[in-house]
$ cat protein34.cif   # mmCIF, C-alpha atoms
data_protein
loop_
_atom_site.label_atom_id
_atom_site.label_comp_id
_atom_site.auth_asym_id
_atom_site.auth_seq_id
_atom_site.Cartn_x
_atom_site.Cartn_y
_atom_site.Cartn_z
CA MET A 1 138.11 137.96 74.94
CA ASN A 2 141.45 139.76 75.03
CA ILE A 3 140.47 143.14 76.48
CA LYS A 4 143.65 144.89 75.36
CA LYS A 5 143.14 143.69 71.80
CA ASN A 6 139.38 144.12 71.60
CA TRP A 7 138.80 147.28 73.61
CA TRP A 8 137.20 148.95 70.60
CA LYS A 9 134.53 146.23 70.49
CA ALA A 10 133.57 147.02 74.07
CA ILE A 11 133.36 150.71 73.13
CA THR A 12 131.16 149.78 70.16
CA CYS A 13 128.70 147.93 72.42
CA VAL A 14 128.58 150.83 74.88
CA LEU A 15 128.04 153.42 72.14
CA LEU A 16 125.27 151.46 70.44
CA PHE A 17 123.55 150.64 73.72
CA TYR A 18 123.64 154.35 74.56
CA THR A 19 122.35 155.20 71.06
CA VAL A 20 119.41 152.80 71.24
CA ILE A 21 118.36 153.88 74.73
CA GLU A 22 118.64 157.60 74.00
CA GLY A 23 117.27 157.14 70.50
CA PHE A 24 114.00 155.65 71.72
CA LEU A 25 113.65 157.18 75.18
CA GLY A 26 115.70 160.40 75.17
CA ALA A 27 114.25 163.87 74.77
CA VAL A 28 114.16 165.32 71.24
CA PRO A 29 113.08 168.76 69.98
CA ALA A 30 109.50 169.12 68.72
CA ARG A 31 109.79 170.06 65.06
CA ASP A 32 107.06 170.56 62.50
CA ILE A 33 106.53 167.57 60.17
CA LEU A 34 109.41 165.58 61.68
CA ASN A 35 107.94 165.24 65.17
CA GLU A 36 109.12 161.97 66.80
CA THR A 37 110.58 160.67 63.53
CA ILE A 38 113.60 162.89 64.16
CA ARG A 39 114.86 160.02 66.33
CA ASN A 40 115.70 158.21 63.09
CA LEU A 41 118.59 160.65 62.75
CA TYR A 42 120.51 158.44 65.22
CA PHE A 43 120.12 155.40 62.97
CA HIS A 44 119.61 156.36 59.32
CA VAL A 45 122.40 158.91 58.96
CA PRO A 46 125.07 156.98 60.96
CA MET A 47 124.38 153.91 58.80
CA TRP A 48 125.31 155.97 55.76
CA PHE A 49 128.50 157.07 57.49
CA GLY A 50 129.23 153.41 58.12
CA MET A 51 128.55 152.55 54.48
CA MET A 52 130.86 155.25 53.16
CA THR A 53 133.63 154.27 55.59
CA LEU A 54 133.47 150.61 54.57
CA LEU A 55 133.32 151.36 50.85
CA PHE A 56 136.34 153.62 51.31
CA ILE A 57 138.17 150.74 53.00
CA SER A 58 137.17 148.52 50.08
CA VAL A 59 138.59 150.85 47.45
CA ILE A 60 141.81 151.38 49.45
CA TYR A 61 142.45 147.64 49.67
CA GLY A 62 141.50 147.25 46.02
CA ILE A 63 144.21 149.77 45.15
CA LYS A 64 146.63 147.93 47.45
CA HIS A 65 145.92 144.73 45.54
CA LEU A 66 146.66 146.48 42.24
CA HIS A 67 149.94 147.63 43.77
CA ASN A 68 151.17 144.42 45.40
CA GLY A 69 148.97 141.67 43.95
CA ALA A 70 148.25 140.23 47.41
CA MET A 71 145.07 138.17 47.49
CA ARG A 72 144.64 139.10 51.16
CA SER A 73 144.03 142.70 50.03
CA ASP A 74 141.37 141.50 47.58
CA LEU A 75 139.67 139.49 50.32
CA ILE A 76 139.51 142.53 52.62
CA ALA A 77 138.24 144.71 49.76
CA ARG A 78 135.51 142.18 48.98
CA GLU A 79 134.29 141.80 52.56
CA ALA A 80 134.44 145.56 53.18
CA ALA A 81 132.22 146.05 50.12
CA HIS A 82 129.82 143.32 51.31
CA THR A 83 129.47 144.96 54.72
CA GLY A 84 129.22 148.44 53.22
CA VAL A 85 126.35 147.35 51.01
CA ILE A 86 124.58 145.84 54.04
CA MET A 87 124.88 149.22 55.75
CA GLY A 88 123.66 150.91 52.59
CA VAL A 89 120.58 148.71 52.32
CA LEU A 90 119.78 149.37 55.99
CA GLY A 91 120.18 153.08 55.25
CA LEU A 92 117.71 152.82 52.38
CA ILE A 93 115.20 150.95 54.54
CA THR A 94 115.39 153.40 57.45
CA GLY A 95 115.27 156.29 54.99
CA SER A 96 112.17 154.88 53.33
CA LEU A 97 110.46 154.52 56.72
CA TRP A 98 111.39 158.10 57.56
CA ALA A 99 110.05 159.33 54.22
CA ARG A 100 106.74 157.54 54.79
CA TYR A 101 106.02 159.44 58.00
CA THR A 102 107.44 162.84 57.03
CA TRP A 103 106.93 163.15 53.26
CA GLY A 104 103.84 160.90 53.09
CA THR A 105 105.29 158.27 50.77
CA TRP A 106 107.77 155.40 50.91
CA TRP A 107 109.76 156.82 48.01
CA THR A 108 109.92 160.13 46.15
CA GLN A 109 111.72 161.34 43.05
CA ASP A 110 114.38 162.90 45.27
CA THR A 111 117.89 163.30 43.87
CA LYS A 112 119.60 161.88 46.93
CA LEU A 113 117.21 158.94 47.29
CA ASN A 114 117.62 157.98 43.65
CA GLY A 115 121.37 158.49 43.86
CA ALA A 116 121.59 156.17 46.87
CA ALA A 117 119.57 153.51 45.05
CA ILE A 118 121.77 153.80 41.96
CA THR A 119 124.85 153.46 44.18
CA MET A 120 123.53 150.19 45.57
CA LEU A 121 122.86 148.91 42.03
CA ILE A 122 126.43 149.82 41.03
CA TYR A 123 127.78 147.79 43.93
CA PHE A 124 125.43 144.90 43.18
CA ALA A 125 127.04 144.89 39.73
CA TYR A 126 130.42 144.70 41.51
CA PHE A 127 129.40 141.39 43.09
CA ILE A 128 127.99 140.12 39.79
CA LEU A 129 131.34 140.93 38.18
CA ARG A 130 133.18 139.00 40.87
CA GLY A 131 130.94 136.00 40.38
CA SER A 132 131.33 135.99 36.60
CA VAL A 133 135.14 135.71 36.44
CA GLU A 134 136.67 132.34 37.31
CA ASP A 135 140.38 133.21 37.25
CA GLU A 136 141.29 134.39 40.76
CA GLN A 137 143.93 136.96 39.83
CA LYS A 138 141.93 138.40 36.95
CA ARG A 139 138.82 138.63 39.13
CA ALA A 140 140.73 140.48 41.82
CA ARG A 141 142.24 142.98 39.38
CA LEU A 142 138.96 143.68 37.57
CA SER A 143 137.13 144.05 40.89
CA ALA A 144 139.75 146.48 42.18
CA VAL A 145 139.47 148.68 39.10
CA TYR A 146 135.68 148.55 39.20
CA SER A 147 135.62 149.44 42.90
CA ILE A 148 137.43 152.70 42.12
CA PHE A 149 134.75 153.56 39.56
CA ALA A 150 131.98 152.52 41.97
CA PHE A 151 133.33 154.63 44.83
CA VAL A 152 133.65 157.71 42.62
CA MET A 153 130.07 157.22 41.42
CA MET A 154 128.93 156.91 45.04
CA ILE A 155 130.51 160.29 45.84
CA VAL A 156 128.86 161.84 42.77
CA PHE A 157 125.37 160.42 43.34
CA VAL A 158 125.20 160.78 47.13
CA MET A 159 127.28 163.84 47.92
CA ILE A 160 127.65 166.05 44.83
CA LEU A 161 124.49 165.88 42.68
CA PRO A 162 122.05 166.39 45.62
CA ARG A 163 123.81 169.68 46.41
CA MET A 164 123.44 170.88 42.83
CA GLU A 165 119.73 170.11 42.39
CA ASP A 166 116.54 170.37 44.43
CA SER A 167 116.37 167.81 47.24
CA LEU A 168 114.11 167.25 50.22
CA HIS A 169 117.08 166.16 52.32
CA PRO A 170 118.48 168.67 54.83
CA GLY A 171 121.65 170.36 53.66
CA ASN A 172 120.86 169.75 49.97
CA GLY A 173 119.17 171.74 47.22
CA GLY A 174 119.02 174.90 49.31
CA ASN A 175 117.49 173.19 52.36
CA PRO A 176 119.17 174.06 55.68
CA ALA A 177 121.22 171.30 57.26
CA PHE A 178 120.20 169.63 60.53
CA SER A 179 122.95 171.50 62.32
CA LYS A 180 121.19 174.77 61.53
CA TYR A 181 117.66 174.02 62.67
CA ASP A 182 117.16 170.54 64.14
CA LEU A 183 120.35 169.18 65.64
CA ASP A 184 120.35 170.92 69.02
CA SER A 185 123.03 170.51 71.70
CA LYS A 186 121.26 167.55 73.33
CA MET A 187 120.89 165.68 70.07
CA ARG A 188 124.57 166.18 69.26
CA LEU A 189 125.41 164.29 72.47
CA VAL A 190 123.69 161.26 70.95
CA PHE A 191 124.26 161.79 67.24
CA TYR A 192 128.07 161.88 67.25
CA PRO A 193 128.44 158.77 69.47
CA ALA A 194 125.87 157.08 67.21
CA VAL A 195 127.98 157.80 64.12
CA LEU A 196 131.08 156.38 65.79
CA GLY A 197 129.16 153.37 67.11
CA TRP A 198 127.63 152.42 63.75
CA VAL A 199 130.94 152.88 61.94
CA LEU A 200 132.70 150.66 64.47
CA LEU A 201 129.93 148.07 64.21
CA GLY A 202 130.43 147.98 60.45
CA VAL A 203 134.17 147.48 60.90
CA TRP A 204 133.47 144.73 63.46
CA ILE A 205 131.12 142.90 61.08
CA MET A 206 133.70 143.30 58.31
CA SER A 207 136.45 141.80 60.50
CA VAL A 208 134.24 138.81 61.33
CA ARG A 209 133.44 138.27 57.65
CA ILE A 210 137.15 138.44 56.82
CA ARG A 211 137.96 135.80 59.43
CA ILE A 212 135.17 133.51 58.18
CA ALA A 213 136.26 133.96 54.56
CA SER A 214 139.92 133.31 55.45
CA ILE A 215 139.03 130.09 57.29
CA SER A 216 136.77 128.94 54.44
CA GLU A 217 139.49 129.55 51.86
CA ALA A 218 142.08 127.78 54.02
CA LEU A 219 139.81 124.74 54.36
CA LEU A 220 139.09 124.76 50.63
CA ASN A 221 142.78 124.92 49.78
CA HIS A 222 143.50 122.12 52.25
CA SER A 223 140.83 119.89 50.71
CA ASP A 224 142.20 120.60 47.22
CA THR A 225 145.74 119.78 48.36
CA HIS A 226 144.76 116.68 50.34
CA PRO A 227 141.68 115.19 48.63
CA THR A 228 139.95 112.37 50.43
CA SER A 229 140.29 108.99 48.83
#
$ encode --input "protein34.cif" --output "structure tokens"
Amino acid sequence: MNIKKNWWKAITCVLLFYTVIEGFLGAVPARDILNETIRNLYFHVPMWFGMMTLLFISVIYGIKHLHNGAMRSDLIAREAAHTGVIMGVLGLITGSLWARYTWGTWWTQDTKLNGAAITMLIYFAYFILRGSVEDEQKRARLSAVYSIFAFVMMIVFVMILPRMEDSLHPGNGGNPAFSKYDLDSKMRLVFYPAVLGWVLLGVWIMSVRIRIASISEALLNHSDTHPTS
């Protein structure tokens, strides 16, 4: 591995190793209802940060494709969306586990929970759209336009509506945020590195997916150009 080129990957490994160790073994404040489940803060919330970062990258490269028509931009947008959805699904799973042990159920009619689920469905539709259009250029343009709509809907459902209505999530619907009653100084020393670590992991996974997709497309184009007899 080229250390100068891949230093950020080493930082990612260190941050996530630190997060896992402190997340499971580090001291946390004793809070009513949350108890030991507060440790999920180091995993559930950073995964959502990772999801939003990757979906933002996806929409940016979708816009770049609309501007310059480069298929490389469409490929990056597609793989960023794929990785963002993976992060989103992991966020839903860890959130459901957290809800089970704090709210007594795997799922509730909570504005933010439902908004997150709707966001994932919107992005699933993005992949269905991609798979339903055969023409490469048309598929890329339609996907880029749809990704703008999908990202705006994600902001509305995950960040705006929960603040306007009642929500069990901290910082929404009149509930105090973690920073006001749960996220003490010791937890901040783990939480912020965890956010950075999970975001970098998402970018790392995205970069690997882009490389794999690029190689696959190159091999496919080569086989089309030089068919075997």
$ resolve_selection --input "protein34.cif" --expression "the PyMOL selection byres ((chain A and resi 40-46) around 10)" --output "JSON, numbers by chain"
{"A": [16, 19, 20, 22, 23, 24, 34, 36, 37, 38, 39, 47, 48, 49, 50, 51, 52, 87, 88, 90, 91, 92, 93, 94, 95, 96, 97, 98, 178, 183, 187, 188, 190, 191, 192, 193, 194, 195, 196, 197, 198, 199]}
$ write_last_selection --input "protein34.cif" --atoms "C-alpha atoms" --output "compact mmCIF listing (two decimals), keeping the file's coordinate frame"
# COMPACT_ATOMS: atom_id res chain seq x y z
CA LEU A 16 125.27 151.46 70.44
CA THR A 19 122.35 155.20 71.06
CA VAL A 20 119.41 152.80 71.24
CA GLU A 22 118.64 157.60 74.00
CA GLY A 23 117.27 157.14 70.50
CA PHE A 24 114.00 155.65 71.72
CA LEU A 34 109.41 165.58 61.68
CA GLU A 36 109.12 161.97 66.80
CA THR A 37 110.58 160.67 63.53
CA ILE A 38 113.60 162.89 64.16
CA ARG A 39 114.86 160.02 66.33
CA MET A 47 124.38 153.91 58.80
CA TRP A 48 125.31 155.97 55.76
CA PHE A 49 128.50 157.07 57.49
CA GLY A 50 129.23 153.41 58.12
CA MET A 51 128.55 152.55 54.48
CA MET A 52 130.86 155.25 53.16
CA MET A 87 124.88 149.22 55.75
CA GLY A 88 123.66 150.91 52.59
CA LEU A 90 119.78 149.37 55.99
CA GLY A 91 120.18 153.08 55.25
CA LEU A 92 117.71 152.82 52.38
CA ILE A 93 115.20 150.95 54.54
CA THR A 94 115.39 153.40 57.45
CA GLY A 95 115.27 156.29 54.99
CA SER A 96 112.17 154.88 53.33
CA LEU A 97 110.46 154.52 56.72
CA TRP A 98 111.39 158.10 57.56
CA PHE A 178 120.20 169.63 60.53
CA LEU A 183 120.35 169.18 65.64
CA MET A 187 120.89 165.68 70.07
CA ARG A 188 124.57 166.18 69.26
CA VAL A 190 123.69 161.26 70.95
CA PHE A 191 124.26 161.79 67.24
CA TYR A 192 128.07 161.88 67.25
CA PRO A 193 128.44 158.77 69.47
CA ALA A 194 125.87 157.08 67.21
CA VAL A 195 127.98 157.80 64.12
CA LEU A 196 131.08 156.38 65.79
CA GLY A 197 129.16 153.37 67.11
CA TRP A 198 127.63 152.42 63.75
CA VAL A 199 130.94 152.88 61.94
$ resolve_selection --input "protein34.cif" --expression "the PyMOL selection byres ((chain A and resi 60) around 12)" --output "NGL selection string"
:A and (53-59 or 61-67 or 73-74 or 76-78 or 80-81 or 144-145 or 147-148 or 151)
$ resolve_selection --input "protein34.cif" --expression "the PyMOL selection byres ((chain A and resi 114) around 12)" --output "list in words"
Leu92, Gly95, Ser96, Trp107, Thr108, Gln109, Asp110, Thr111, Lys112, Leu113, Gly115, Ala116, Ala117, Ile118, Thr119, Met120, Leu121, Met154, Val156, Phe157, Val158, Leu161, Pro162, Ser167, Leu168 and His169 of chain A
$ atom_distance --input "protein34.cif" --atom1 "CA of Val133 (chain A)" --atom2 "CA of Met206 (chain A)"
23.2 Å
$ decode --input "protein34.cif" --residues "region 129-169 of chain A" --atoms "N, CA and C atoms" --output "PDB file, in the first residue's frame"
ATOM      1  N   LEU A 129     -35.216   2.448 -11.326  1.00  0.00           N
ATOM      2  CA  LEU A 129     -35.194   3.309 -12.513  1.00  0.00           C
ATOM      3  C   LEU A 129     -33.964   3.026 -13.364  1.00  0.00           C
ATOM      4  N   ARG A 130     -32.819   2.904 -12.729  1.00  0.00           N
ATOM      5  CA  ARG A 130     -31.590   2.630 -13.468  1.00  0.00           C
ATOM      6  C   ARG A 130     -31.681   1.300 -14.215  1.00  0.00           C
ATOM      7  N   GLY A 131     -32.289   0.322 -13.576  1.00  0.00           N
ATOM      8  CA  GLY A 131     -32.365  -0.989 -14.188  1.00  0.00           C
ATOM      9  C   GLY A 131     -33.419  -1.106 -15.278  1.00  0.00           C
ATOM     10  N   SER A 132     -34.299  -0.113 -15.376  1.00  0.00           N
ATOM     11  CA  SER A 132     -35.398  -0.200 -16.335  1.00  0.00           C
ATOM     12  C   SER A 132     -35.116   0.530 -17.647  1.00  0.00           C
ATOM     13  N   VAL A 133     -34.024   1.283 -17.703  1.00  0.00           N
ATOM     14  CA  VAL A 133     -33.686   2.045 -18.910  1.00  0.00           C
ATOM     15  C   VAL A 133     -32.442   1.443 -19.552  1.00  0.00           C
ATOM     16  N   GLU A 134     -32.558   1.024 -20.807  1.00  0.00           N
ATOM     17  CA  GLU A 134     -31.446   0.349 -21.475  1.00  0.00           C
ATOM     18  C   GLU A 134     -30.421   1.328 -22.054  1.00  0.00           C
ATOM     19  N   ASP A 135     -30.878   2.426 -22.624  1.00  0.00           N
ATOM     20  CA  ASP A 135     -29.956   3.381 -23.221  1.00  0.00           C
ATOM     21  C   ASP A 135     -29.078   4.012 -22.145  1.00  0.00           C
ATOM     22  N   GLU A 136     -27.770   3.909 -22.316  1.00  0.00           N
ATOM     23  CA  GLU A 136     -26.810   4.339 -21.291  1.00  0.00           C
ATOM     24  C   GLU A 136     -26.908   5.825 -20.977  1.00  0.00           C
ATOM     25  N   GLN A 137     -26.926   6.662 -22.003  1.00  0.00           N
ATOM     26  CA  GLN A 137     -26.963   8.109 -21.798  1.00  0.00           C
ATOM     27  C   GLN A 137     -28.291   8.541 -21.179  1.00  0.00           C
ATOM     28  N   LYS A 138     -29.366   7.991 -21.680  1.00  0.00           N
ATOM     29  CA  LYS A 138     -30.685   8.340 -21.142  1.00  0.00           C
ATOM     30  C   LYS A 138     -30.808   7.904 -19.691  1.00  0.00           C
ATOM     31  N   ARG A 139     -30.311   6.706 -19.393  1.00  0.00           N
ATOM     32  CA  ARG A 139     -30.341   6.207 -18.015  1.00  0.00           C
ATOM     33  C   ARG A 139     -29.565   7.127 -17.081  1.00  0.00           C
ATOM     34  N   ALA A 140     -28.402   7.554 -17.521  1.00  0.00           N
ATOM     35  CA  ALA A 140     -27.578   8.427 -16.685  1.00  0.00           C
ATOM     36  C   ALA A 140     -28.255   9.764 -16.430  1.00  0.00           C
ATOM     37  N   ARG A 141     -28.867  10.342 -17.464  1.00  0.00           N
ATOM     38  CA  ARG A 141     -29.533  11.641 -17.298  1.00  0.00           C
ATOM     39  C   ARG A 141     -30.751  11.535 -16.392  1.00  0.00           C
ATOM     40  N   LEU A 142     -31.583  10.520 -16.623  1.00  0.00           N
ATOM     41  CA  LEU A 142     -32.767  10.336 -15.783  1.00  0.00           C
ATOM     42  C   LEU A 142     -32.382  10.087 -14.326  1.00  0.00           C
ATOM     43  N   SER A 143     -31.351   9.277 -14.132  1.00  0.00           N
ATOM     44  CA  SER A 143     -30.889   8.968 -12.775  1.00  0.00           C
ATOM     45  C   SER A 143     -30.363  10.211 -12.078  1.00  0.00           C
ATOM     46  N   ALA A 144     -29.658  11.062 -12.814  1.00  0.00           N
ATOM     47  CA  ALA A 144     -29.117  12.285 -12.234  1.00  0.00           C
ATOM     48  C   ALA A 144     -30.234  13.217 -11.783  1.00  0.00           C
ATOM     49  N   VAL A 145     -31.251  13.367 -12.623  1.00  0.00           N
ATOM     50  CA  VAL A 145     -32.387  14.219 -12.264  1.00  0.00           C
ATOM     51  C   VAL A 145     -33.132  13.638 -11.063  1.00  0.00           C
ATOM     52  N   TYR A 146     -33.343  12.324 -11.086  1.00  0.00           N
ATOM     53  CA  TYR A 146     -34.051  11.682  -9.982  1.00  0.00           C
ATOM     54  C   TYR A 146     -33.266  11.796  -8.682  1.00  0.00           C
ATOM     55  N   SER A 147     -31.942  11.713  -8.752  1.00  0.00           N
ATOM     56  CA  SER A 147     -31.130  11.779  -7.540  1.00  0.00           C
ATOM     57  C   SER A 147     -31.261  13.136  -6.852  1.00  0.00           C
ATOM     58  N   ILE A 148     -31.470  14.187  -7.632  1.00  0.00           N
ATOM     59  CA  ILE A 148     -31.696  15.510  -7.039  1.00  0.00           C
ATOM     60  C   ILE A 148     -32.998  15.491  -6.239  1.00  0.00           C
ATOM     61  N   PHE A 149     -34.053  14.955  -6.850  1.00  0.00           N
ATOM     62  CA  PHE A 149     -35.338  14.820  -6.160  1.00  0.00           C
ATOM     63  C   PHE A 149     -35.190  13.965  -4.907  1.00  0.00           C
ATOM     64  N   ALA A 150     -34.496  12.841  -5.014  1.00  0.00           N
ATOM     65  CA  ALA A 150     -34.348  11.917  -3.894  1.00  0.00           C
ATOM     66  C   ALA A 150     -33.594  12.571  -2.740  1.00  0.00           C
ATOM     67  N   PHE A 151     -32.545  13.312  -3.048  1.00  0.00           N
ATOM     68  CA  PHE A 151     -31.762  13.953  -1.989  1.00  0.00           C
ATOM     69  C   PHE A 151     -32.578  15.023  -1.274  1.00  0.00           C
ATOM     70  N   VAL A 152     -33.344  15.786  -2.032  1.00  0.00           N
ATOM     71  CA  VAL A 152     -34.205  16.804  -1.407  1.00  0.00           C
ATOM     72  C   VAL A 152     -35.234  16.140  -0.499  1.00  0.00           C
ATOM     73  N   MET A 153     -35.820  15.042  -0.946  1.00  0.00           N
ATOM     74  CA  MET A 153     -36.791  14.325  -0.126  1.00  0.00           C
ATOM     75  C   MET A 153     -36.140  13.766   1.141  1.00  0.00           C
ATOM     76  N   MET A 154     -34.889  13.317   1.021  1.00  0.00           N
ATOM     77  CA  MET A 154     -34.174  12.836   2.200  1.00  0.00           C
ATOM     78  C   MET A 154     -34.024  13.950   3.236  1.00  0.00           C
ATOM     79  N   ILE A 155     -33.661  15.141   2.798  1.00  0.00           N
ATOM     80  CA  ILE A 155     -33.531  16.280   3.708  1.00  0.00           C
ATOM     81  C   ILE A 155     -34.876  16.583   4.382  1.00  0.00           C
ATOM     82  N   VAL A 156     -35.945  16.552   3.585  1.00  0.00           N
ATOM     83  CA  VAL A 156     -37.277  16.852   4.123  1.00  0.00           C
ATOM     84  C   VAL A 156     -37.703  15.818   5.157  1.00  0.00           C
ATOM     85  N   PHE A 157     -37.582  14.528   4.798  1.00  0.00           N
ATOM     86  CA  PHE A 157     -38.104  13.465   5.662  1.00  0.00           C
ATOM     87  C   PHE A 157     -37.236  13.207   6.891  1.00  0.00           C
ATOM     88  N   VAL A 158     -35.941  13.416   6.788  1.00  0.00           N
ATOM     89  CA  VAL A 158     -35.041  13.067   7.892  1.00  0.00           C
ATOM     90  C   VAL A 158     -34.669  14.267   8.750  1.00  0.00           C
ATOM     91  N   MET A 159     -34.614  15.456   8.161  1.00  0.00           N
ATOM     92  CA  MET A 159     -34.093  16.597   8.897  1.00  0.00           C
ATOM     93  C   MET A 159     -35.110  17.706   9.162  1.00  0.00           C
ATOM     94  N   ILE A 160     -36.121  17.840   8.313  1.00  0.00           N
ATOM     95  CA  ILE A 160     -37.064  18.949   8.474  1.00  0.00           C
ATOM     96  C   ILE A 160     -38.352  18.530   9.173  1.00  0.00           C
ATOM     97  N   LEU A 161     -39.061  17.536   8.630  1.00  0.00           N
ATOM     98  CA  LEU A 161     -40.344  17.125   9.220  1.00  0.00           C
ATOM     99  C   LEU A 161     -40.234  16.700  10.689  1.00  0.00           C
ATOM    100  N   PRO A 162     -39.191  15.913  11.079  1.00  0.00           N
ATOM    101  CA  PRO A 162     -39.103  15.519  12.491  1.00  0.00           C
ATOM    102  C   PRO A 162     -38.984  16.705  13.453  1.00  0.00           C
ATOM    103  N   ARG A 163     -38.479  17.838  12.983  1.00  0.00           N
ATOM    104  CA  ARG A 163     -38.360  19.016  13.835  1.00  0.00           C
ATOM    105  C   ARG A 163     -39.664  19.810  13.920  1.00  0.00           C
ATOM    106  N   MET A 164     -40.591  19.482  13.027  1.00  0.00           N
ATOM    107  CA  MET A 164     -41.863  20.199  13.001  1.00  0.00           C
ATOM    108  C   MET A 164     -42.966  19.447  13.735  1.00  0.00           C
ATOM    109  N   GLU A 165     -42.782  18.145  13.929  1.00  0.00           N
ATOM    110  CA  GLU A 165     -43.799  17.323  14.566  1.00  0.00           C
ATOM    111  C   GLU A 165     -43.211  16.599  15.773  1.00  0.00           C
ATOM    112  N   ASP A 166     -44.073  15.935  16.537  1.00  0.00           N
ATOM    113  CA  ASP A 166     -43.619  15.175  17.697  1.00  0.00           C
ATOM    114  C   ASP A 166     -42.740  14.016  17.243  1.00  0.00           C
ATOM    115  N   SER A 167     -41.639  13.813  17.966  1.00  0.00           N
ATOM    116  CA  SER A 167     -40.717  12.725  17.646  1.00  0.00           C
ATOM    117  C   SER A 167     -40.038  12.260  18.925  1.00  0.00           C
ATOM    118  N   LEU A 168     -39.801  10.975  19.008  1.00  0.00           N
ATOM    119  CA  LEU A 168     -39.103  10.423  20.170  1.00  0.00           C
ATOM    120  C   LEU A 168     -37.601  10.656  20.094  1.00  0.00           C
ATOM    121  N   HIS A 169     -37.105  10.997  18.918  1.00  0.00           N
ATOM    122  CA  HIS A 169     -35.669  11.192  18.748  1.00  0.00           C
ATOM    123  C   HIS A 169     -35.195  12.458  19.460  1.00  0.00           C
TER     124      HIS A 169
END
